[in-house]
>>> print(open('target.cif').read())   # mmCIF, C-alpha atoms and all ligand atoms
data_query
loop_
_atom_site.label_atom_id
_atom_site.label_comp_id
_atom_site.auth_asym_id
_atom_site.auth_seq_id
_atom_site.Cartn_x
_atom_site.Cartn_y
_atom_site.Cartn_z
CA MET A 1178 14.47 24.01 18.79
CA SER A 1179 11.38 23.82 16.65
CA ILE A 1180 11.45 21.55 13.65
CA THR A 1181 8.82 22.25 11.04
CA SER A 1182 7.98 19.69 8.42
CA PRO A 1183 4.89 18.76 6.46
CA LEU A 1184 5.53 15.20 7.57
CA ASP A 1185 4.37 15.89 11.12
CA LEU A 1186 1.35 13.70 11.61
CA SER A 1187 0.50 14.52 15.21
CA ASN A 1188 -2.48 16.64 14.24
CA LYS A 1189 -4.17 13.90 12.26
CA SER A 1190 -7.16 13.14 14.39
CA SER A 1191 -9.36 11.23 11.95
CA LYS A 1192 -11.59 8.85 13.93
CA VAL A 1193 -9.65 5.92 15.26
CA SER A 1194 -10.59 3.80 18.24
CA LYS A 1195 -7.33 2.09 19.26
CA VAL A 1196 -4.02 3.89 18.98
CA GLY A 1197 -0.58 2.68 20.04
CA VAL A 1198 1.85 5.23 21.46
CA MET A 1199 5.52 4.28 21.31
CA GLY A 1200 7.63 6.70 23.32
CA GLY A 1201 11.39 6.58 23.42
CA THR A 1202 14.64 8.45 23.16
CA PHE A 1203 15.38 6.66 19.88
CA ASP A 1204 19.09 7.49 20.00
CA PRO A 1205 19.07 5.76 17.56
CA ILE A 1206 15.87 3.87 16.72
CA HIS A 1207 16.58 0.16 16.08
CA TYR A 1208 14.87 -3.12 15.20
CA GLY A 1209 14.06 -3.78 18.89
CA HIS A 1210 11.71 -0.76 18.84
CA LEU A 1211 10.24 -1.58 15.43
CA VAL A 1212 9.57 -5.24 16.16
CA ILE A 1213 7.75 -4.58 19.43
CA ALA A 1214 5.64 -1.80 17.88
CA GLU A 1215 4.62 -3.95 14.91
CA GLN A 1216 3.95 -7.12 16.90
CA ILE A 1217 1.88 -5.25 19.50
CA ARG A 1218 -0.01 -3.41 16.74
CA CYS A 1219 -1.04 -6.74 15.23
CA GLU A 1220 -1.72 -8.59 18.49
CA TYR A 1221 -3.92 -5.81 19.93
CA GLU A 1222 -5.45 -4.71 16.61
CA LEU A 1223 -4.24 -1.13 16.94
CA GLU A 1224 -5.20 1.08 14.02
CA LYS A 1225 -1.86 2.85 14.14
CA VAL A 1226 1.24 3.35 16.23
CA ILE A 1227 2.55 6.86 16.85
CA PHE A 1228 6.29 7.02 17.51
CA ILE A 1229 7.06 9.92 19.81
CA PRO A 1230 10.75 10.78 20.18
CA ALA A 1231 11.31 12.44 23.55
CA GLY A 1232 12.54 16.03 23.61
CA ILE A 1233 14.05 15.77 27.09
CA PRO A 1234 13.64 12.14 28.25
CA PRO A 1235 12.58 12.30 31.94
CA HIS A 1236 15.00 9.64 33.17
CA LYS A 1237 17.85 10.80 31.01
CA SER A 1238 17.75 14.52 31.76
CA ASN A 1239 21.33 14.38 33.06
CA VAL A 1240 22.54 12.28 30.12
CA ARG A 1241 23.74 13.79 26.84
CA VAL A 1242 21.32 12.78 24.09
CA THR A 1243 21.75 13.34 20.37
CA ASP A 1244 20.31 16.43 18.70
CA ARG A 1245 16.51 16.20 18.40
CA LYS A 1246 16.59 16.86 14.64
CA ASP A 1247 18.77 13.78 14.08
CA ARG A 1248 16.60 11.57 16.32
CA TYR A 1249 13.46 12.80 14.57
CA LEU A 1250 14.82 12.19 11.08
CA MET A 1251 16.16 8.74 12.01
CA THR A 1252 12.73 7.83 13.43
CA LEU A 1253 11.05 9.00 10.22
CA LEU A 1254 13.47 7.02 8.06
CA ALA A 1255 12.93 3.89 10.14
CA THR A 1256 9.14 4.01 10.06
CA ILE A 1257 8.40 5.38 6.59
CA THR A 1258 7.74 1.98 4.96
CA ASN A 1259 5.05 0.95 7.46
CA PRO A 1260 1.65 2.48 6.60
CA TYR A 1261 0.48 1.97 10.18
CA PHE A 1262 3.36 3.92 11.71
CA GLU A 1263 3.40 7.68 12.26
CA VAL A 1264 5.94 9.98 13.90
CA SER A 1265 4.93 12.90 16.08
CA ARG A 1266 7.02 15.91 17.12
CA ILE A 1267 4.71 16.63 20.04
CA GLU A 1268 7.57 16.16 22.56
CA LEU A 1269 10.39 17.43 20.34
CA ASP A 1270 8.69 20.78 19.84
CA SER A 1271 8.43 21.45 23.55
CA ASN A 1272 11.24 22.68 25.79
CA GLU A 1273 9.69 21.03 28.83
CA ILE A 1274 10.78 17.64 30.18
CA SER A 1275 8.90 15.03 28.13
CA TYR A 1276 6.65 13.57 30.79
CA THR A 1277 4.31 10.94 29.39
CA ILE A 1278 1.33 12.28 31.36
CA HIS A 1279 1.54 15.59 29.45
CA THR A 1280 1.87 13.83 26.08
CA ILE A 1281 -1.05 11.51 26.75
CA GLN A 1282 -3.21 14.44 27.92
CA LYS A 1283 -2.43 16.25 24.63
CA LEU A 1284 -3.21 13.14 22.58
CA LYS A 1285 -6.51 12.69 24.42
CA LYS A 1286 -7.46 16.24 23.40
CA ILE A 1287 -6.52 15.53 19.77
CA TYR A 1288 -8.23 12.14 19.47
CA GLY A 1289 -11.12 12.56 21.91
CA LYS A 1290 -12.06 10.62 25.02
CA ASP A 1291 -13.46 7.61 23.17
CA THR A 1292 -10.14 6.71 21.54
CA GLU A 1293 -8.19 4.14 23.54
CA LEU A 1294 -4.51 5.01 23.94
CA HIS A 1295 -2.11 2.11 24.53
CA PHE A 1296 1.37 3.06 25.66
CA ILE A 1297 3.96 0.60 24.32
CA THR A 1298 7.11 0.00 26.34
CA GLY A 1299 9.82 -2.52 27.01
CA ALA A 1300 9.59 -4.50 30.25
CA ASP A 1301 12.57 -2.56 31.66
CA ALA A 1302 10.71 0.74 31.29
CA ILE A 1303 7.42 -0.53 32.75
CA CYS A 1304 9.22 -1.84 35.84
CA GLU A 1305 10.15 1.78 36.62
CA LEU A 1306 6.57 3.06 36.28
CA ASP A 1307 6.50 3.89 39.99
CA THR A 1308 9.00 6.67 39.35
CA TRP A 1309 7.03 8.31 36.48
CA LYS A 1310 5.31 11.64 36.91
CA ASP A 1311 1.67 11.49 38.03
CA VAL A 1312 1.23 7.75 37.37
CA GLU A 1313 -2.16 7.76 39.07
CA ASN A 1314 -3.66 10.06 36.45
CA LEU A 1315 -1.65 8.59 33.61
CA SER A 1316 -3.10 5.17 34.45
CA LYS A 1317 -6.61 6.53 34.02
CA LEU A 1318 -5.88 7.92 30.55
CA CYS A 1319 -4.06 5.02 28.90
CA THR A 1320 -3.21 1.35 29.28
CA PHE A 1321 0.30 -0.09 29.06
CA ILE A 1322 1.56 -2.90 26.88
CA ALA A 1323 5.02 -4.09 27.83
CA ALA A 1324 7.22 -6.28 25.64
CA THR A 1325 9.68 -8.71 27.15
CA ARG A 1326 13.30 -7.64 26.80
CA PRO A 1327 16.35 -9.89 27.01
CA GLY A 1328 18.33 -9.56 30.21
CA LEU A 1329 15.32 -9.32 32.49
CA GLU A 1330 14.10 -12.13 34.72
CA ASN A 1331 10.54 -12.88 33.54
CA SER A 1332 9.20 -13.92 36.95
CA GLN A 1333 10.47 -10.69 38.50
CA VAL A 1334 8.84 -8.65 35.72
CA ASP A 1335 5.55 -10.51 36.22
CA GLU A 1336 5.66 -9.87 39.95
CA LYS A 1337 6.42 -6.16 39.42
CA ILE A 1338 3.60 -5.81 36.87
CA GLU A 1339 1.11 -7.44 39.26
CA THR A 1340 2.12 -4.98 42.00
CA LEU A 1341 1.79 -1.99 39.64
CA LYS A 1342 -1.61 -3.13 38.37
CA TRP A 1343 -2.90 -3.43 41.89
CA LYS A 1344 -1.33 -0.18 43.11
CA TYR A 1345 -2.59 2.00 40.24
CA ASN A 1346 -5.70 0.01 39.35
CA THR A 1347 -4.57 0.03 35.74
CA SER A 1348 -4.23 -2.33 32.81
CA ILE A 1349 -0.69 -3.52 32.07
CA LYS A 1350 -0.41 -6.32 29.55
CA LYS A 1351 2.81 -8.20 28.96
CA ILE A 1352 3.59 -9.69 25.58
CA LYS A 1353 6.33 -12.23 24.95
CA LEU A 1354 8.15 -11.50 21.72
CA PRO A 1355 11.15 -12.94 19.92
CA ALA A 1356 14.08 -11.69 21.99
CA LEU A 1357 16.12 -9.00 20.30
CA ALA A 1358 19.08 -8.09 22.48
CA ILE A 1359 19.52 -4.76 20.73
CA SER A 1360 19.93 -1.45 22.54
CA SER A 1361 20.69 2.09 21.41
CA THR A 1362 23.59 2.20 23.89
CA ASP A 1363 25.20 -0.84 22.28
CA ILE A 1364 24.71 0.60 18.78
CA ARG A 1365 26.30 3.93 19.76
CA ASN A 1366 29.25 2.10 21.32
CA ARG A 1367 29.73 -0.12 18.28
CA ILE A 1368 29.77 2.87 15.94
CA ARG A 1369 32.30 4.72 18.12
CA GLU A 1370 34.50 1.61 18.12
CA GLY A 1371 34.21 1.20 14.34
CA GLN A 1372 32.26 -2.07 14.60
CA SER A 1373 29.45 -3.09 12.25
CA VAL A 1374 25.86 -2.26 13.17
CA LYS A 1375 24.41 -3.78 10.01
CA TYR A 1376 21.12 -5.66 10.62
CA LEU A 1377 20.67 -4.09 14.07
CA LEU A 1378 18.77 -1.12 12.64
CA PRO A 1379 17.22 -0.17 9.27
CA GLU A 1380 19.76 0.52 6.54
CA PRO A 1381 18.60 4.12 5.82
CA VAL A 1382 19.16 4.94 9.51
CA GLU A 1383 22.64 3.42 9.34
CA TYR A 1384 23.39 5.52 6.22
CA TYR A 1385 22.08 8.64 7.94
CA ILE A 1386 24.31 8.04 10.97
CA HIS A 1387 27.44 7.54 8.88
CA LYS A 1388 26.73 10.37 6.43
CA ASN A 1389 26.12 12.88 9.23
CA ASN A 1390 28.73 11.55 11.68
CA VAL A 1391 26.01 11.30 14.30
CA TYR A 1392 27.98 9.20 16.79
CA VAL A 1393 31.60 10.32 16.34
N1 LIG B 1 15.39 -4.69 22.28
C1 LIG B 1 14.28 -4.26 22.89
N2 LIG B 1 13.31 -5.12 23.27
C2 LIG B 1 12.18 -4.67 23.92
N3 LIG B 1 11.94 -3.37 24.22
C3 LIG B 1 12.86 -2.46 23.87
C4 LIG B 1 14.07 -2.85 23.19
N4 LIG B 1 14.81 -1.74 22.96
C5 LIG B 1 14.11 -0.70 23.48
N5 LIG B 1 12.94 -1.13 24.02
C6 LIG B 1 11.91 -0.29 24.65
O1 LIG B 1 11.64 0.82 23.78
C7 LIG B 1 11.36 2.01 24.54
C8 LIG B 1 12.28 3.14 24.11
O2 LIG B 1 13.60 2.73 24.38
P1 LIG B 1 14.88 3.66 24.18
O3 LIG B 1 14.67 4.60 23.05
O4 LIG B 1 15.32 4.21 25.47
O5 LIG B 1 15.92 2.54 23.63
P2 LIG B 1 17.08 1.78 24.39
O6 LIG B 1 17.65 0.80 23.42
O7 LIG B 1 16.58 1.23 25.70
O8 LIG B 1 18.09 3.01 24.64
P3 LIG B 1 19.38 3.16 25.55
O9 LIG B 1 20.26 1.96 25.37
O10 LIG B 1 20.00 4.44 25.06
O11 LIG B 1 18.86 3.29 26.97
C9 LIG B 1 11.55 1.62 26.02
O12 LIG B 1 10.26 1.34 26.53
C10 LIG B 1 12.39 0.36 25.95
O13 LIG B 1 12.13 -0.50 27.05
O1 LIG B 2 6.65 10.45 32.44
C1 LIG B 2 7.62 10.01 33.05
O2 LIG B 2 7.88 10.36 34.23
C2 LIG B 2 8.55 9.04 32.34
C3 LIG B 2 9.68 8.53 32.97
C4 LIG B 2 10.50 7.64 32.28
C5 LIG B 2 10.19 7.31 30.96
N1 LIG B 2 9.09 7.83 30.39
C6 LIG B 2 8.80 7.55 28.96
O3 LIG B 2 9.04 6.20 28.64
C7 LIG B 2 9.50 6.11 27.29
C8 LIG B 2 10.81 5.32 27.27
O4 LIG B 2 11.78 6.08 27.96
P1 LIG B 2 13.35 5.87 27.68
O5 LIG B 2 14.03 6.77 28.66
O6 LIG B 2 13.59 4.40 27.95
O7 LIG B 2 13.61 6.24 26.25
C9 LIG B 2 9.64 7.56 26.80
O8 LIG B 2 8.47 7.89 26.07
C10 LIG B 2 9.71 8.36 28.07
O9 LIG B 2 9.23 9.69 27.94
C11 LIG B 2 8.27 8.68 31.03
#
>>> encode(input="target.cif", output="structure tokens", more="lines below")
Ligand SMILES: Nc1ncnc2c1ncn2[C@@H]1O[C@H](COP(=O)(O)OP(=O)(O)OP(=O)(O)O)[C@@H](O)[C@H]1O
Ligand SMILES: O=C(O)c1ccc[n+]([C@@H]2O[C@H](COP(=O)([O-])O)[C@@H](O)[C@H]2O)c1
Amino acid sequence: MSITSPLDLSNKSSKVSKVGVMGGTFDPIHYGHLVIAEQIRCEYELEKVIFIPAGIPPHKSNVRVTDRKDRYLMTLLATITNPYFEVSRIELDSNEISYTIHTIQKLKKIYGKDTELHFITGADAICELDTWKDVENLSKLCTFIAATRPGLENSQVDEKIETLKWKYNTSIKKIKLPALAISSTDIRNRIREGQSVKYLLPEPVEYYIHKNNVYV
């Protein structure tokens, strides 16, 4: 499905030198995503962070994910108040599996080779980097910044990151952030069970979910 909207910012290529790329399924987007994106933006002096909802998330291709229009609109609602945040439909508008290597290659073409691209992830996602498509080339085109996530043993994450850095000769930075034990899975379950999700995600996103019966 193609979603057309004047709010698509993926073609804005005005000269920037350090861009954050925050990929995710965002089903739904929550404060865990927003906090890591904002903290990493500040810590690494990124000029902006582009949120890229996945069309077909590579590791969830056999899992039912919510309609792309809903995930796109929820991501827009969640990020609209931050002038440094943008949302791109680059993956949503493609019917291919949303491999990060393809997205980063497209962004490199848009922004040019001199713009640094920093892929923002949670520590759980970075620990699976070995299983991503074409990691060798991906590692040459971007760096990775991984935020700690509750439930993961820090020493094991550190060990895994060191192995990945050595194996792919790439830059993976780890940043320790205030732990937010929030996940989209938990939010979906809470909504289905009629429990409150207030303060786990931005209020407009919560309204959107209830108004459109997104997780019934
Ligand atoms: N609470 C959190 N703390 C740190 N990183 C997070 C947190 N929630 C999500 N992330 C990271 O954000 C990225 C996108 O995550 P995703 O959209 O899959 O959310 P999720 O909460 O992990 O979803 P689900 O529960 O459906 O698997 C991933 O790199 C993930 O590791
Ligand atoms: O490119 C890959 O092979 C790949 C495999 C797993 C995850 N990713 C990306 O990592 C980000 C987080 O994924 P997820 O499944 O936790 O939402 C999202 O942008 C995915 O496209 C990418």
>>> closest_residue(input="target.cif", among="A:Ser1360, A:Thr1298, A:Ser1275, A:Asn1314", to="Gly1328 in chain A", atoms="all atoms listed in the file")
A:Ser1360
>>> residues_around(input="target.cif", residues="Arg1248 in chain A", least_positions_apart="6", cutoff="8 Å", atoms="only C-alpha atoms", output="number ranges by chain")
A: 1202-1206, 1230
>>> closest_residue(input="target.cif", among="A:Cys1319, A:Leu1294, A:Val1382, A:Ala1214", to="ligand LIG 1 (chain B)", atoms="all atoms listed in the file")
A:Ala1214
>>> residues_near_ligand(input="target.cif", ligand="ligand LIG 2 (chain B)", cutoff="7 Å", atoms="only C-alpha atoms and all ligand atoms", output="list in words")
Met1199, Gly1200, Gly1201, Thr1202, Phe1203, Ile1229, Pro1230, Ala1231, Pro1234, Pro1235, His1236, Lys1237, Ser1275, Tyr1276, Thr1277, Ile1278, Thr1298, Ala1302, Thr1308, Trp1309 and Lys1310 of chain A
>>> write_last_selection(input="target.cif", atoms="C-alpha atoms", output="PDB file, in the coordinates of the input")
ATOM      1  CA  MET A1199       5.520   4.280  21.310  1.00  0.00           C
ATOM      2  CA  GLY A1200       7.630   6.700  23.320  1.00  0.00           C
ATOM      3  CA  GLY A1201      11.390   6.580  23.420  1.00  0.00           C
ATOM      4  CA  THR A1202      14.640   8.450  23.160  1.00  0.00           C
ATOM      5  CA  PHE A1203      15.380   6.660  19.880  1.00  0.00           C
ATOM      6  CA  ILE A1229       7.060   9.920  19.810  1.00  0.00           C
ATOM      7  CA  PRO A1230      10.750  10.780  20.180  1.00  0.00           C
ATOM      8  CA  ALA A1231      11.310  12.440  23.550  1.00  0.00           C
ATOM      9  CA  PRO A1234      13.640  12.140  28.250  1.00  0.00           C
ATOM     10  CA  PRO A1235      12.580  12.300  31.940  1.00  0.00           C
ATOM     11  CA  HIS A1236      15.000   9.640  33.170  1.00  0.00           C
ATOM     12  CA  LYS A1237      17.850  10.800  31.010  1.00  0.00           C
ATOM     13  CA  SER A1275       8.900  15.030  28.130  1.00  0.00           C
ATOM     14  CA  TYR A1276       6.650  13.570  30.790  1.00  0.00           C
ATOM     15  CA  THR A1277       4.310  10.940  29.390  1.00  0.00           C
ATOM     16  CA  ILE A1278       1.330  12.280  31.360  1.00  0.00           C
ATOM     17  CA  THR A1298       7.110   0.000  26.340  1.00  0.00           C
ATOM     18  CA  ALA A1302      10.710   0.740  31.290  1.00  0.00           C
ATOM     19  CA  THR A1308       9.000   6.670  39.350  1.00  0.00           C
ATOM     20  CA  TRP A1309       7.030   8.310  36.480  1.00  0.00           C
ATOM     21  CA  LYS A1310       5.310  11.640  36.910  1.00  0.00           C
TER      22      LYS A1310
END
>>> residues_around(input="target.cif", residues="Val1374 in chain A", least_positions_apart="6", cutoff="10 Å", atoms="only C-alpha atoms", output="number ranges by chain")
A: 1363-1368, 1380, 1383
>>> write_last_selection(input="target.cif", atoms="C-alpha atoms", output="CSV table (one decimal), in the coordinates of the input")
chain,number,residue,atom,x,y,z
A,1363,ASP,CA,25.2,-0.8,22.3
A,1364,ILE,CA,24.7,0.6,18.8
A,1365,ARG,CA,26.3,3.9,19.8
A,1366,ASN,CA,29.2,2.1,21.3
A,1367,ARG,CA,29.7,-0.1,18.3
A,1368,ILE,CA,29.8,2.9,15.9
A,1380,GLU,CA,19.8,0.5,6.5
A,1383,GLU,CA,22.6,3.4,9.3
>>> residues_around(input="target.cif", residues="Ile1352 in chain A", least_positions_apart="5", cutoff="7 Å", atoms="only C-alpha atoms", output="number ranges by chain")
A: 1323-1325
